[in-house]
Amino acid sequence: MKLWDIAHSRTGDKGNISNISLIAYDPKDFELLKEKVTAEKVKEHFKGMVKGEVVRYELPNIHALNFVMYAALGGGVTRSLSVDMHGKGLSSYLLNMDI
């Protein structure tokens, strides 16, 4: 199954840090997200793109996980030469992850 089957996402960035929230459509799927979508698995999924640490925060009141990815934007949004290496591009890539 792909993450997009059970969740949607929101993104933000500041400097060279990307922040992606993964929000379960149905609260009952939050436990599955917590089990399957670890910081380590997200780091592996973004291998080659995210050079720094990936930190996961749990937001149980809104059935969401938040991933802060350091050294993820090629030096920062305004410095990166990559095409849409931030924002919706990164969140779509996360939602394409198999669980």
# chains A, B, ... in the order shown; residues from 1 in each chain; ligands from 1

call {"tool": "residues_around", "arguments": {"residues": "His63 of chain A", "least_positions_apart": "3", "cutoff": "12 Å", "atoms": "only C-alpha atoms", "output": "ChimeraX atom specification"}}
result
/A:6-9,21-34,57-60,66

call {"tool": "closest_residue", "arguments": {"among": "A:Asn61, A:Met69, A:Ile17, A:Leu95", "to": "Glu40 of chain A", "atoms": "only C-alpha atoms"}}
result
A:Met69

call {"tool": "select_by_dssp", "arguments": {"residues": "chain A", "states": "strand (DSSP E)", "output": "VMD selection string"}}
result
chain A and resid 7 to 14 17 to 24 54 to 59 64 to 69

call {"tool": "atom_distance", "arguments": {"atom1": "atom CA of Glu53 of chain A", "atom2": "atom CA of Phe67 of chain A"}}
result
10.0 Å

call {"tool": "closest_residue", "arguments": {"among": "A:Ile20, A:Leu94, A:Met49, A:Leu3", "to": "Val68 of chain A", "atoms": "only C-alpha atoms"}}
result
A:Ile20

call {"tool": "atom_distance", "arguments": {"atom1": "atom CA of Val50 of chain A", "atom2": "atom CA of Ala71 of chain A"}}
result
5.9 Å

call {"tool": "residues_around", "arguments": {"residues": "Gly48 of chain A", "least_positions_apart": "5", "cutoff": "12 Å", "atoms": "only C-alpha atoms", "output": "list in words"}}
result
Val42, Lys43, Ala71, Ala72, Leu73, Gly74 and Met85 of chain A
